[in-house]
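Enquirer: So I've got this file, run.pdb, and it contains PDB, C-alpha atoms:
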ATOM      1  CA  MET Q 298      35.874   1.392  12.924  1.00  0.00           C
ATOM      2  CA  GLY Q 299      34.295  -1.889  13.863  1.00  0.00           C
ATOM      3  CA  ARG Q 300      32.282  -4.238  11.730  1.00  0.00           C
ATOM      4  CA  CYS Q 301      28.578  -3.776  11.073  1.00  0.00           C
ATOM      5  CA  VAL Q 302      26.526  -5.208  13.960  1.00  0.00           C
ATOM      6  CA  TYR Q 303      24.015  -6.604  11.454  1.00  0.00           C
ATOM      7  CA  CYS Q 304      25.988  -8.274   8.646  1.00  0.00           C
ATOM      8  CA  HIS Q 305      29.404  -8.494  10.356  1.00  0.00           C
ATOM      9  CA  GLN Q 306      31.039  -8.028   6.934  1.00  0.00           C
ATOM     10  CA  ARG Q 307      31.276  -4.318   6.108  1.00  0.00           C
ATOM     11  CA  LYS Q 308      32.461  -1.450   8.283  1.00  0.00           C
ATOM     12  CA  GLY Q 309      29.832  -0.032  10.588  1.00  0.00           C
ATOM     13  CA  LYS Q 310      29.637   3.733  10.087  1.00  0.00           C
ATOM     14  CA  ARG Q 311      26.216   4.735  11.405  1.00  0.00           C
ATOM     15  CA  PRO Q 312      25.152   4.550  15.028  1.00  0.00           C
ATOM     16  CA  CYS Q 313      22.167   2.203  15.300  1.00  0.00           C
ATOM     17  CA  PRO Q 314      20.148   2.765  18.483  1.00  0.00           C
ATOM     18  CA  ALA Q 315      18.049  -0.360  17.846  1.00  0.00           C
ATOM     19  CA  LEU Q 316      21.096  -2.659  17.663  1.00  0.00           C
ATOM     20  CA  ALA Q 317      23.284  -0.660  20.079  1.00  0.00           C
ATOM     21  CA  GLY Q 318      26.255  -0.483  17.755  1.00  0.00           C
ATOM     22  CA  LEU Q 319      27.514   0.696  14.382  1.00  0.00           C
ATOM     23  CA  ILE Q 320      25.767  -0.467  11.240  1.00  0.00           C
ATOM     24  CA  CYS Q 321      26.789  -0.145   7.589  1.00  0.00           C
ATOM     25  CA  SER Q 322      24.666   2.080   5.378  1.00  0.00           C
ATOM     26  CA  ILE Q 323      23.614  -0.875   3.208  1.00  0.00           C
ATOM     27  CA  CYS Q 324      22.170  -2.866   6.115  1.00  0.00           C
ATOM     28  CA  CYS Q 325      20.612   0.290   7.569  1.00  0.00           C
ATOM     29  CA  GLY Q 326      18.846   1.103   4.305  1.00  0.00           C
ATOM     30  CA  THR Q 327      17.874  -2.478   3.502  1.00  0.00           C
ATOM     31  CA  HIS Q 328      16.568  -3.578   6.887  1.00  0.00           C
ATOM     32  CA  ARG Q 329      15.392  -0.255   8.374  1.00  0.00           C
ATOM     33  CA  GLY Q 330      11.932  -0.618   9.870  1.00  0.00           C
ATOM     34  CA  ARG Q 331      11.597  -4.229   8.697  1.00  0.00           C
ATOM     35  CA  ALA Q 332      14.108  -6.603  10.244  1.00  0.00           C
ATOM     36  CA  ILE Q 333      15.404  -3.850  12.536  1.00  0.00           C
ATOM     37  CA  ALA Q 334      12.895  -2.257  14.923  1.00  0.00           C
ATOM     38  CA  CYS Q 335      14.089   1.299  14.469  1.00  0.00           C
ATOM     39  CA  PRO Q 336      13.040   3.887  17.029  1.00  0.00           C
ATOM     40  CA  THR Q 337      11.383   6.915  15.468  1.00  0.00           C
ATOM     41  CA  ASP Q 338      14.027   9.228  16.948  1.00  0.00           C
ATOM     42  CA  CYS Q 339      16.826   7.583  14.919  1.00  0.00           C
ATOM     43  CA  ILE Q 340      18.355  10.245  12.662  1.00  0.00           C
ATOM     44  CA  TYR Q 341      18.265   7.858   9.678  1.00  0.00           C
ATOM     45  CA  TYR Q 342      14.766   6.458  10.140  1.00  0.00           C
ATOM     46  CA  ILE Q 343      12.378   9.295   9.129  1.00  0.00           C
ATOM     47  CA  PRO Q 344      14.486  10.582   6.193  1.00  0.00           C
ATOM     48  CA  GLY Q 345      15.021   7.001   5.019  1.00  0.00           C
ATOM     49  CA  VAL Q 346      11.327   6.162   5.137  1.00  0.00           C
ATOM     50  CA  ALA Q 347      10.450   9.409   3.351  1.00  0.00           C
ATOM     51  CA  TYR Q 348      13.014   8.692   0.622  1.00  0.00           C
ATOM     52  CA  GLN Q 349      11.778   5.120   0.167  1.00  0.00           C
ATOM     53  CA  GLN Q 350       8.160   6.254  -0.047  1.00  0.00           C
ATOM     54  CA  GLU Q 351       8.985   8.902  -2.643  1.00  0.00           C
ATOM     55  CA  ARG Q 352      11.047   6.473  -4.699  1.00  0.00           C
ATOM     56  CA  SER Q 353       8.500   3.675  -4.311  1.00  0.00           C
ATOM     57  CA  GLY Q 354       5.663   6.042  -5.194  1.00  0.00           C
ATOM     58  CA  HIS Q 355       7.286   6.966  -8.478  1.00  0.00           C
ATOM     59  CA  LEU Q 356       7.903   3.318  -9.378  1.00  0.00           C
ATOM     60  CA  PHE Q 357       4.405   2.359  -8.204  1.00  0.00           C
ATOM     61  CA  PHE Q 358       2.804   4.992 -10.449  1.00  0.00           C
ATOM     62  CA  LYS Q 359       4.778   3.769 -13.458  1.00  0.00           C
ATOM     63  CA  ALA Q 360       3.780   0.160 -12.740  1.00  0.00           C
ATOM     64  CA  ARG Q 361       0.158   1.185 -12.142  1.00  0.00           C
ATOM     65  CA  GLN Q 362      -0.211   3.202 -15.361  1.00  0.00           C
ATOM     66  CA  PRO Q 363      -1.074   0.167 -17.564  1.00  0.00           C
ATOM     67  CA  LEU Q 364      -3.889  -0.720 -15.133  1.00  0.00           C
ATOM     68  CA  TYR Q 365      -5.280   2.822 -15.319  1.00  0.00           C
ATOM     69  CA  ASP Q 366      -5.103   2.709 -19.109  1.00  0.00           C
ATOM     70  CA  ALA Q 367      -6.757  -0.733 -19.322  1.00  0.00           C
ATOM     71  CA  LEU Q 368      -9.569   0.270 -16.954  1.00  0.00           C
ATOM     72  CA  TYR Q 369     -10.174   3.480 -18.886  1.00  0.00           C
ATOM     73  CA  ARG Q 370     -10.265   1.687 -22.238  1.00  0.00           C
ATOM     74  CA  ALA Q 371     -12.555  -1.075 -20.946  1.00  0.00           C
ATOM     75  CA  HIS Q 372     -14.933   0.879 -18.709  1.00  0.00           C
ATOM     76  CA  GLY Q 373     -14.243   4.591 -19.056  1.00  0.00           C
ATOM     77  CA  GLU Q 374     -13.546   7.238 -16.479  1.00  0.00           C
ATOM     78  CA  ARG Q 375     -15.861   5.718 -13.862  1.00  0.00           C
ATOM     79  CA  ALA Q 376     -13.549   2.713 -13.446  1.00  0.00           C
ATOM     80  CA  VAL Q 377     -10.565   4.987 -12.824  1.00  0.00           C
ATOM     81  CA  VAL Q 378     -12.617   6.919 -10.252  1.00  0.00           C
ATOM     82  CA  ILE Q 379     -13.381   3.645  -8.444  1.00  0.00           C
ATOM     83  CA  LEU Q 380      -9.709   2.670  -8.437  1.00  0.00           C
ATOM     84  CA  ASN Q 381      -8.773   6.094  -7.071  1.00  0.00           C
ATOM     85  CA  LEU Q 382     -11.416   5.763  -4.343  1.00  0.00           C
ATOM     86  CA  MET Q 383      -9.973   2.397  -3.301  1.00  0.00           C
ATOM     87  CA  ASP Q 384      -6.464   3.854  -3.363  1.00  0.00           C
ATOM     88  CA  PHE Q 385      -7.470   6.685  -1.046  1.00  0.00           C
ATOM     89  CA  ALA Q 386      -9.350   4.302   1.261  1.00  0.00           C
ATOM     90  CA  CYS Q 387      -6.256   2.065   1.513  1.00  0.00           C
ATOM     91  CA  TYR Q 388      -4.053   5.121   2.006  1.00  0.00           C
ATOM     92  CA  SER Q 389      -6.220   6.475   4.813  1.00  0.00           C
ATOM     93  CA  TYR Q 390      -6.088   3.116   6.578  1.00  0.00           C
ATOM     94  CA  GLY Q 391      -2.375   2.446   6.211  1.00  0.00           C
ATOM     95  CA  VAL Q 392      -0.640   5.821   6.197  1.00  0.00           C
ATOM     96  CA  ASN Q 393      -0.231   6.175   9.959  1.00  0.00           C
ATOM     97  CA  ARG Q 394      -0.127   2.499  10.877  1.00  0.00           C
ATOM     98  CA  SER Q 395       3.404   1.172  10.630  1.00  0.00           C
ATOM     99  CA  THR Q 396       2.323  -2.403  11.352  1.00  0.00           C
ATOM    100  CA  VAL Q 397      -0.103  -2.782   8.430  1.00  0.00           C
ATOM    101  CA  SER Q 398       1.173  -5.324   5.921  1.00  0.00           C
ATOM    102  CA  ASP Q 399       0.241  -5.660   2.279  1.00  0.00           C
ATOM    103  CA  GLN Q 400      -1.413  -8.988   3.096  1.00  0.00           C
ATOM    104  CA  GLU Q 401      -3.695  -7.344   5.674  1.00  0.00           C
ATOM    105  CA  LEU Q 402      -4.620  -4.563   3.271  1.00  0.00           C
ATOM    106  CA  LEU Q 403      -5.277  -6.920   0.358  1.00  0.00           C
ATOM    107  CA  ALA Q 404      -7.307  -9.262   2.579  1.00  0.00           C
ATOM    108  CA  GLY Q 405      -9.385  -6.222   3.568  1.00  0.00           C
ATOM    109  CA  LEU Q 406      -9.989  -5.429  -0.102  1.00  0.00           C
ATOM    110  CA  GLU Q 407     -11.018  -9.039  -0.687  1.00  0.00           C
ATOM    111  CA  GLU Q 408     -13.512  -8.798   2.190  1.00  0.00           C
ATOM    112  CA  VAL Q 409     -14.993  -5.657   0.626  1.00  0.00           C
ATOM    113  CA  ARG Q 410     -15.139  -7.474  -2.723  1.00  0.00           C
ATOM    114  CA  ALA Q 411     -17.044 -10.331  -1.041  1.00  0.00           C
ATOM    115  CA  LYS Q 412     -19.541  -7.867   0.509  1.00  0.00           C
ATOM    116  CA  LEU Q 413     -20.282  -6.533  -2.969  1.00  0.00           C
ATOM    117  CA  SER Q 414     -21.010  -9.996  -4.294  1.00  0.00           C
ATOM    118  CA  PRO Q 415     -24.604 -10.762  -5.248  1.00  0.00           C
ATOM    119  CA  LEU Q 416     -24.273 -13.975  -3.244  1.00  0.00           C
ATOM    120  CA  THR Q 417     -24.469 -13.758   0.526  1.00  0.00           C
ATOM    121  CA  VAL Q 418     -21.876 -15.989   2.106  1.00  0.00           C
ATOM    122  CA  PRO Q 419     -21.662 -16.221   5.888  1.00  0.00           C
ATOM    123  CA  ALA Q 420     -18.273 -14.991   6.971  1.00  0.00           C
ATOM    124  CA  ALA Q 421     -16.310 -14.349  10.115  1.00  0.00           C
ATOM    125  CA  ALA Q 422     -16.313 -10.910  11.662  1.00  0.00           C
ATOM    126  CA  PRO Q 423     -14.660  -8.424   9.318  1.00  0.00           C
ATOM    127  CA  SER Q 424     -11.136  -7.258  10.027  1.00  0.00           C
ATOM    128  CA  ALA Q 425     -10.477  -3.698  11.161  1.00  0.00           C
ATOM    129  CA  CYS Q 426      -9.058  -2.991   7.718  1.00  0.00           C
ATOM    130  CA  ALA Q 427     -12.152  -4.346   5.956  1.00  0.00           C
ATOM    131  CA  GLN Q 428     -14.422  -2.338   8.255  1.00  0.00           C
ATOM    132  CA  HIS Q 429     -12.544   0.844   7.391  1.00  0.00           C
ATOM    133  CA  LEU Q 430     -12.522   0.140   3.654  1.00  0.00           C
ATOM    134  CA  TRP Q 431     -16.177  -0.894   3.643  1.00  0.00           C
ATOM    135  CA  GLY Q 432     -17.119   2.290   5.508  1.00  0.00           C
ATOM    136  CA  VAL Q 433     -15.565   4.350   2.719  1.00  0.00           C
ATOM    137  CA  VAL Q 434     -17.127   2.275  -0.065  1.00  0.00           C
ATOM    138  CA  GLU Q 435     -20.562   2.082   1.579  1.00  0.00           C
ATOM    139  CA  THR Q 436     -20.704   5.850   2.129  1.00  0.00           C
ATOM    140  CA  TRP Q 437     -19.670   6.441  -1.457  1.00  0.00           C
ATOM    141  CA  LEU Q 438     -22.190   3.929  -2.852  1.00  0.00           C
ATOM    142  CA  LYS Q 439     -25.005   5.626  -0.913  1.00  0.00           C
ATOM    143  CA  HIS Q 440     -24.248   8.974  -2.550  1.00  0.00           C
ATOM    144  CA  GLU Q 441     -23.654   7.707  -6.062  1.00  0.00           C
ATOM    145  CA  GLN Q 442     -25.476   5.216  -8.222  1.00  0.00           C
ATOM    146  CA  TRP Q 443     -22.695   2.888  -9.294  1.00  0.00           C
ATOM    147  CA  ASP Q 444     -22.827  -0.421 -11.033  1.00  0.00           C
ATOM    148  CA  ARG Q 445     -21.719  -2.937  -8.395  1.00  0.00           C
ATOM    149  CA  GLU Q 446     -20.429  -5.256 -11.110  1.00  0.00           C
ATOM    150  CA  LEU Q 447     -18.078  -2.502 -12.284  1.00  0.00           C
ATOM    151  CA  VAL Q 448     -16.917  -1.920  -8.693  1.00  0.00           C
ATOM    152  CA  ARG Q 449     -16.270  -5.660  -8.283  1.00  0.00           C
ATOM    153  CA  SER Q 450     -14.365  -5.807 -11.562  1.00  0.00           C
ATOM    154  CA  VAL Q 451     -12.147  -2.880 -10.589  1.00  0.00           C
ATOM    155  CA  LEU Q 452     -11.553  -4.410  -7.159  1.00  0.00           C
ATOM    156  CA  ASP Q 453     -10.558  -7.726  -8.744  1.00  0.00           C
ATOM    157  CA  GLN Q 454      -7.976  -5.976 -10.903  1.00  0.00           C
ATOM    158  CA  ALA Q 455      -6.716  -3.814  -8.033  1.00  0.00           C
ATOM    159  CA  ILE Q 456      -6.292  -6.878  -5.811  1.00  0.00           C
ATOM    160  CA  ALA Q 457      -4.450  -8.769  -8.561  1.00  0.00           C
ATOM    161  CA  PHE Q 458      -2.144  -5.776  -9.060  1.00  0.00           C
ATOM    162  CA  GLY Q 459      -1.550  -5.543  -5.307  1.00  0.00           C
ATOM    163  CA  ARG Q 460      -0.747  -9.256  -5.046  1.00  0.00           C
ATOM    164  CA  ALA Q 461       1.744  -8.952  -7.911  1.00  0.00           C
ATOM    165  CA  ILE Q 462       3.523  -6.054  -6.167  1.00  0.00           C
ATOM    166  CA  ALA Q 463       3.416  -7.535  -2.648  1.00  0.00           C
ATOM    167  CA  GLY Q 464       4.599 -11.000  -3.573  1.00  0.00           C
ATOM    168  CA  GLU Q 465       4.394 -13.882  -1.129  1.00  0.00           C
ATOM    169  CA  GLU Q 466       6.170 -12.309   1.837  1.00  0.00           C
ATOM    170  CA  LEU Q 467       3.743 -12.041   4.745  1.00  0.00           C
ATOM    171  CA  ALA Q 468       5.235  -8.862   6.192  1.00  0.00           C
ATOM    172  CA  SER Q 469       5.649  -7.097   2.840  1.00  0.00           C
ATOM    173  CA  ARG Q 470       4.830  -3.399   2.691  1.00  0.00           C
ATOM    174  CA  LEU Q 471       5.899  -2.859  -0.923  1.00  0.00           C
ATOM    175  CA  PHE Q 472       2.360  -2.251  -2.165  1.00  0.00           C
ATOM    176  CA  LEU Q 473       1.408   0.052   0.713  1.00  0.00           C
ATOM    177  CA  THR Q 474       4.692   1.981   0.640  1.00  0.00           C
ATOM    178  CA  GLY Q 475       4.333   2.527  -3.102  1.00  0.00           C
ATOM    179  CA  LEU Q 476       0.699   3.567  -2.759  1.00  0.00           C
ATOM    180  CA  ILE Q 477       1.483   6.024   0.042  1.00  0.00           C
ATOM    181  CA  GLY Q 478       4.414   7.420  -1.907  1.00  0.00           C
ATOM    182  CA  MET Q 479       2.327   7.819  -5.060  1.00  0.00           C
ATOM    183  CA  ILE Q 480      -0.519   9.588  -3.281  1.00  0.00           C
ATOM    184  CA  ASP Q 481       1.823  11.852  -1.295  1.00  0.00           C
ATOM    185  CA  GLU Q 482       3.685  12.757  -4.472  1.00  0.00           C
ATOM    186  CA  ARG Q 483       0.715  13.188  -6.805  1.00  0.00           C
ATOM    187  CA  PHE Q 484      -1.977  14.413  -4.398  1.00  0.00           C
ATOM    188  CA  PRO Q 485      -0.225  16.266  -1.549  1.00  0.00           C
TER     189      PRO Q 485
END
Reformat the file's structure so that it appears as structure tokens.

Expert:
Amino acid sequence: MGRCVYCHQRKGKRPCPALAGLICSICCGTHRGRAIACPTDCIYYIPGVAYQQERSGHLFFKARQPLYDALYRAHGERAVVILNLMDFACYSYGVNRSTVSDQELLAGLEEVRAKLSPLTVPAAAPSACAQHLWGVVETWLKHEQWDRELVRSVLDQAIAFGRAIAGEELASRLFLTGLIGMIDERFP
């Protein structure tokens, strides 16, 4: 067996169609879909993504639980409903878009937060993500009488949580992968 075509240190054991050679399982699992542009017909890609989403979803839910508890204690069930609405809006935007980064999603949430502000600030055209998220929020606000200050407060906390999970990496998908995994696991 030859060396891994990615790290050149370990033995390559898996055929990698993206790199046209053998790759070690560590590099395959670590860089799959991120640094390596895996084709969707790779036998390791779909199962690997599904496993990562399930695992990330479980960890995401555990990390998110203190936020749910704090929102419930501070504002009651309505705050948790708002957070769930934002989660489902983010999920519906990102679930079938493999190029959506955490930064794009969180910037979209920040644009929605700005639209809910009592101050009108001229802004550039909204991103596709913000348009999607705002469409969900606007429809929901039309049907329910919600305190916009509560919605803003929940959004602020959700964005802060998302930033903490995503970190500084521009192409990070940790937040989105965890969110998708949590929703798929808890609300199939």

Enquirer: In Å, how far is it from atom CA of Q:Ser398 to atom CA of Q:Leu447?

Expert: 26.6 Å

Enquirer: Compare Q:Cys426, Q:Cys304, Q:Ala411, Q:Ala317 by their minimum atom-to-atom distance to Q:Cys335, counting all atoms listed in the file, and give me the closest one.

Expert: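 Selected residue with least distance to Q:Cys335: Q:Ala317.
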
Enquirer: Once you add 8 Å to each side, what are the centre and edge lengths of the axis-aligned box holding all listed atoms of stretch 377-394 of chain Q? One decimal in Å, as AutoDock Vina command-line options, if you can.

Expert:
--center_x -6.8 --center_y 4.5 --center_z -1.0 --size_x 29.3 --size_y 20.9 --size_z 39.7

Enquirer: For the file shown, what are the residues hit by the PyMOL selection byres ((chain Q and resi 476) around 10), laid out as an mmCIF file with C-alpha atoms, keeping the file's coordinate frame?

Expert:
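Output contents, as saved in expr-v5.cif:
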data_model
loop_
_atom_site.group_PDB
_atom_site.id
_atom_site.type_symbol
_atom_site.label_atom_id
_atom_site.label_comp_id
_atom_site.auth_asym_id
_atom_site.auth_seq_id
_atom_site.Cartn_x
_atom_site.Cartn_y
_atom_site.Cartn_z
ATOM 1 C CA GLN Q 350 8.160 6.254 -0.047
ATOM 2 C CA GLU Q 351 8.985 8.902 -2.643
ATOM 3 C CA SER Q 353 8.500 3.675 -4.311
ATOM 4 C CA GLY Q 354 5.663 6.042 -5.194
ATOM 5 C CA HIS Q 355 7.286 6.966 -8.478
ATOM 6 C CA LEU Q 356 7.903 3.318 -9.378
ATOM 7 C CA PHE Q 357 4.405 2.359 -8.204
ATOM 8 C CA PHE Q 358 2.804 4.992 -10.449
ATOM 9 C CA ARG Q 361 0.158 1.185 -12.142
ATOM 10 C CA ASP Q 384 -6.464 3.854 -3.363
ATOM 11 C CA PHE Q 385 -7.470 6.685 -1.046
ATOM 12 C CA CYS Q 387 -6.256 2.065 1.513
ATOM 13 C CA TYR Q 388 -4.053 5.121 2.006
ATOM 14 C CA GLY Q 391 -2.375 2.446 6.211
ATOM 15 C CA VAL Q 392 -0.640 5.821 6.197
ATOM 16 C CA GLY Q 459 -1.550 -5.543 -5.307
ATOM 17 C CA ARG Q 470 4.830 -3.399 2.691
ATOM 18 C CA LEU Q 471 5.899 -2.859 -0.923
ATOM 19 C CA PHE Q 472 2.360 -2.251 -2.165
ATOM 20 C CA LEU Q 473 1.408 0.052 0.713
ATOM 21 C CA THR Q 474 4.692 1.981 0.640
ATOM 22 C CA GLY Q 475 4.333 2.527 -3.102
ATOM 23 C CA ILE Q 477 1.483 6.024 0.042
ATOM 24 C CA GLY Q 478 4.414 7.420 -1.907
ATOM 25 C CA MET Q 479 2.327 7.819 -5.060
ATOM 26 C CA ILE Q 480 -0.519 9.588 -3.281
ATOM 27 C CA ASP Q 481 1.823 11.852 -1.295
ATOM 28 C CA GLU Q 482 3.685 12.757 -4.472
#

Enquirer: Go through Q:Ala360, Q:Ser469, Q:Gly309, Q:Ala455 and flag the residue nearest Q:Val377, using all atoms listed in the file for the distances.

Expert: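 Among the listed residues, Q:Ala455 lies closest to Q:Val377.
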
Enquirer: For atom CA of Q:Ala463 and atom CA of Q:Leu402, quote the distance in Å rounded to one decimal.

Expert: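 Taking atom CA of Q:Ala463 as the start and atom CA of Q:Leu402 as the end point, the length is 10.4 Å.
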
Enquirer: Go ahead and compute the interatomic distance for atom CA of Q:Val397 and atom CA of Q:Cys324, in Å to one decimal.

Expert: 22.4 Å

Enquirer: I'd like to know which of Q:Ser414, Q:Arg375, Q:Cys301, Q:Pro312 is closest to Q:Glu446, using all atoms listed in the file.

Expert: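 So, comparing all the options, the nearest one is Q:Ser414.
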